[in-house]
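Peer 1: Have a peek at protein-v4.cif (mmCIF, C-alpha atoms).
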```cif
data_input
loop_
_atom_site.label_atom_id
_atom_site.label_comp_id
_atom_site.auth_asym_id
_atom_site.auth_seq_id
_atom_site.Cartn_x
_atom_site.Cartn_y
_atom_site.Cartn_z
CA MET A 19 -6.97 8.89 -11.38
CA ALA A 20 -7.88 7.00 -8.25
CA LYS A 21 -6.95 3.50 -7.11
CA PHE A 22 -9.42 0.85 -5.99
CA MET A 23 -9.51 -2.62 -4.47
CA ASP A 24 -12.62 -4.62 -5.09
CA VAL A 25 -13.50 -7.90 -3.48
CA HIS A 26 -15.54 -10.79 -4.89
CA THR A 27 -16.87 -13.75 -2.96
CA GLY A 28 -18.15 -17.16 -4.03
CA PHE A 29 -15.30 -18.00 -6.43
CA ILE A 30 -14.68 -21.36 -4.74
CA GLY A 31 -12.82 -23.81 -6.96
CA VAL A 32 -12.17 -21.29 -9.74
CA THR A 33 -9.13 -22.23 -11.81
CA ALA A 34 -6.23 -20.12 -13.07
CA GLN A 35 -7.66 -20.33 -16.58
CA GLN A 36 -11.09 -19.15 -15.43
CA LEU A 37 -9.57 -16.22 -13.54
CA LYS A 38 -7.56 -15.29 -16.63
CA GLU A 39 -10.67 -15.38 -18.81
CA ALA A 40 -12.64 -13.26 -16.32
CA HIS A 41 -9.78 -10.74 -16.17
CA GLU A 42 -9.65 -10.60 -19.97
CA ARG A 43 -13.36 -9.77 -20.09
CA ASP A 44 -12.57 -6.74 -17.90
CA LEU A 45 -9.62 -5.74 -20.08
CA ALA A 46 -11.74 -5.95 -23.21
CA VAL A 47 -14.10 -3.16 -22.09
CA GLU A 48 -12.25 -1.23 -19.37
CA ALA A 49 -10.93 1.53 -21.64
CA GLU A 50 -14.46 2.71 -22.40
CA GLU A 51 -14.69 3.91 -18.79
CA GLY A 52 -11.05 4.96 -18.37
CA VAL A 53 -10.49 2.05 -15.98
CA HIS A 54 -7.53 -0.31 -15.84
CA PHE A 55 -7.48 -3.56 -13.90
CA GLU A 56 -3.86 -3.98 -12.88
CA HIS A 57 -3.91 -7.20 -10.95
CA ALA A 58 -6.23 -9.89 -9.60
CA TRP A 59 -5.50 -12.42 -6.85
CA LEU A 60 -7.59 -15.51 -6.06
CA ASP A 61 -7.99 -17.74 -3.02
CA PRO A 62 -9.95 -20.62 -4.62
CA VAL A 63 -10.39 -22.43 -1.28
CA ARG A 64 -12.23 -19.53 0.37
CA GLY A 65 -13.57 -18.22 -2.95
CA LYS A 66 -12.22 -14.67 -2.64
CA VAL A 67 -10.90 -12.52 -5.46
CA PHE A 68 -9.18 -9.16 -4.96
CA CYS A 69 -8.82 -6.84 -7.94
CA LEU A 70 -6.55 -3.79 -7.94
CA ALA A 71 -7.66 -1.14 -10.44
CA THR A 72 -7.18 2.47 -11.40
CA GLY A 73 -10.02 4.57 -12.73
CA PRO A 74 -11.83 7.89 -12.56
CA THR A 75 -14.52 6.82 -10.06
CA ARG A 76 -15.73 3.93 -7.99
CA ASN A 77 -18.83 3.59 -10.17
CA ALA A 78 -16.75 3.32 -13.33
CA VAL A 79 -14.96 0.30 -11.86
CA ILE A 80 -18.27 -1.21 -10.73
CA ARG A 81 -19.77 -0.77 -14.21
CA ILE A 82 -16.86 -2.51 -15.95
CA HIS A 83 -17.12 -5.50 -13.62
CA GLU A 84 -20.87 -5.62 -14.22
CA ARG A 85 -20.41 -5.59 -17.99
CA ALA A 86 -17.75 -8.30 -17.72
CA GLY A 87 -20.20 -10.54 -15.90
CA HIS A 88 -18.79 -10.51 -12.37
CA PRO A 89 -20.44 -7.64 -10.49
CA THR A 90 -19.50 -6.65 -6.95
CA GLN A 91 -20.56 -3.83 -4.68
CA GLU A 92 -17.61 -4.33 -2.33
CA ILE A 93 -15.09 -1.77 -3.50
CA TYR A 94 -12.65 0.43 -1.60
CA GLU A 95 -10.88 3.60 -2.67
CA LEU A 96 -7.20 3.32 -1.74
CA THR A 97 -5.95 6.81 -0.98
CA VAL A 98 -2.93 5.70 1.08
CA GLU A 99 -0.39 2.96 0.47
CA VAL A 100 3.00 1.83 1.67
CA MET B 3 6.75 -19.56 -0.10
CA ALA B 4 3.06 -18.72 -0.27
CA LYS B 5 1.32 -15.40 -0.90
CA PHE B 6 -1.38 -13.93 1.30
CA MET B 7 -3.82 -11.04 1.41
CA ASP B 8 -5.04 -10.01 4.81
CA VAL B 9 -7.79 -7.57 5.53
CA HIS B 10 -8.20 -5.23 8.50
CA THR B 11 -11.31 -3.28 9.41
CA GLY B 12 -11.89 -0.30 11.67
CA PHE B 13 -9.00 1.85 10.40
CA ILE B 14 -11.30 4.81 9.79
CA GLY B 15 -9.45 8.12 9.63
CA VAL B 16 -5.98 6.54 9.76
CA THR B 17 -3.33 8.77 8.20
CA ALA B 18 -0.53 7.96 5.79
CA GLN B 19 1.98 8.42 8.61
CA GLN B 20 0.08 6.03 10.89
CA LEU B 21 -0.11 3.40 8.15
CA LYS B 22 3.62 3.77 7.55
CA GLU B 23 4.36 3.32 11.24
CA ALA B 24 2.11 0.25 11.44
CA HIS B 25 3.82 -1.25 8.38
CA GLU B 26 7.24 -0.58 9.90
CA ARG B 27 6.24 -2.48 13.03
CA ASP B 28 5.55 -5.49 10.78
CA LEU B 29 8.85 -5.08 8.94
CA ALA B 30 10.77 -4.90 12.23
CA VAL B 31 9.78 -8.46 13.24
CA GLU B 32 8.67 -10.22 10.04
CA ALA B 33 12.01 -11.93 9.32
CA GLU B 34 11.73 -13.96 12.52
CA GLU B 35 8.87 -15.89 10.90
CA GLY B 36 10.15 -15.80 7.32
CA VAL B 37 7.36 -13.38 6.38
CA HIS B 38 7.60 -10.29 4.18
CA PHE B 39 4.89 -7.65 3.94
CA GLU B 40 5.20 -6.35 0.40
CA HIS B 41 2.48 -3.76 0.24
CA ALA B 42 -0.38 -2.25 2.22
CA TRP B 43 -3.31 -0.21 0.90
CA LEU B 44 -5.73 1.85 2.99
CA ASP B 45 -9.24 3.19 2.46
CA PRO B 46 -9.45 5.58 5.43
CA VAL B 47 -13.09 6.46 4.73
CA ARG B 48 -14.32 2.87 5.05
CA GLY B 49 -11.49 1.90 7.41
CA LYS B 50 -10.18 -1.04 5.38
CA VAL B 51 -6.54 -2.08 5.04
CA PHE B 52 -5.32 -4.75 2.63
CA CYS B 53 -1.83 -6.22 3.16
CA LEU B 54 -0.06 -8.36 0.57
CA ALA B 55 2.55 -10.65 2.10
CA THR B 56 4.68 -13.68 1.38
CA GLY B 57 5.46 -16.25 4.02
CA PRO B 58 5.67 -19.93 4.89
CA THR B 59 2.17 -20.26 6.37
CA ARG B 60 -1.00 -18.36 7.08
CA ASN B 61 -0.33 -18.59 10.82
CA ALA B 62 3.12 -17.05 10.44
CA VAL B 63 1.56 -13.98 8.82
CA ILE B 64 -1.12 -13.83 11.53
CA ARG B 65 1.52 -14.02 14.28
CA ILE B 66 3.57 -11.14 12.85
CA HIS B 67 0.51 -8.90 12.65
CA GLU B 68 -0.39 -9.84 16.23
CA ARG B 69 3.10 -8.99 17.47
CA ALA B 70 3.02 -5.70 15.56
CA GLY B 71 -0.18 -4.73 17.37
CA HIS B 72 -2.76 -5.03 14.57
CA PRO B 73 -4.12 -8.57 14.62
CA THR B 74 -6.58 -9.91 12.05
CA GLN B 75 -8.08 -13.31 11.42
CA GLU B 76 -9.21 -12.39 7.91
CA ILE B 77 -6.47 -13.75 5.70
CA TYR B 78 -6.55 -15.43 2.30
CA GLU B 79 -3.98 -17.59 0.58
CA LEU B 80 -3.53 -16.40 -3.00
CA THR B 81 -2.66 -19.39 -5.11
CA VAL B 82 -3.70 -17.83 -8.43
CA GLU B 83 -3.07 -14.38 -9.86
CA VAL B 84 -3.23 -12.53 -13.15
#
```
Can the structure from this file be put into structure tokens for me?
Peer 2:
Amino acid sequence: MAKFMDVHTGFIGVTAQQLKEAHERDLAVEAEEGVHFEHAWLDPVRGKVFCLATGPTRNAVIRIHERAGHPTQEIYELTVEV
Amino acid sequence: MAKFMDVHTGFIGVTAQQLKEAHERDLAVEAEEGVHFEHAWLDPVRGKVFCLATGPTRNAVIRIHERAGHPTQEIYELTVEV
């Protein structure tokens, strides 16, 4: 299982409740691709969201986000961490 | 205390040992600004590093990274998380 960070832009002014609902849409379908979204962080002033996920492949993570309604192509495979 | 994600580019081919050493240079001076770098993740293929930190201000985090030798201006304040 690999680890990924994906980045979303344009989420300016998004609320805590909206982030929670978006995250829950990922959680609702993620198991079908063997993905798990562990954490999401939002900067609502600059409109950035960072999602930390585990999954079999980069494309599996991309597909879950697409199905959940918030696609991104900016995704990084995290092979090293401290 | 606020939470921040900063992003570094150009770290292509960086090793686990090099990331550890870079992180330790942050840890060595971070207390002087009331900052703590909690975690760093690296994609050495695309050369991206993400650092999760707590600290009093965005500029405090920027200054510690500058002093540690890996400056970045790409930093986000994370006021919402799930």
Peer 1: What's around segment 43-58 of chain A at 6 Å? Count all atoms listed in the file, leave out sequence neighbours fewer than 3 positions away in its own chain, and write the answer as a ChimeraX atom specification.
Peer 2: /A:40,68-73,78,82,86 /B:83-84
Peer 1: Taking all atoms listed in the file into account, which of A:Asp24, A:Glu42, A:Glu95, A:Glu84 comes nearest chain B?
Peer 2: A:Glu95
Peer 1: As a check of understanding, name the residues that the PyMOL selection byres ((chain B) within 9 of (chain A)) selects in the supplied structure, as number ranges by chain.
Peer 2: B: 6-7, 17-18, 21-22, 25, 40-48, 50-52, 78-84
Peer 1: What's the separation between atom CA of Thr90 of chain A and atom CA of His67 of chain B, in Å to one decimal place?
Peer 2: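 Rounded to one decimal, the two atoms are 28.1 Å apart.
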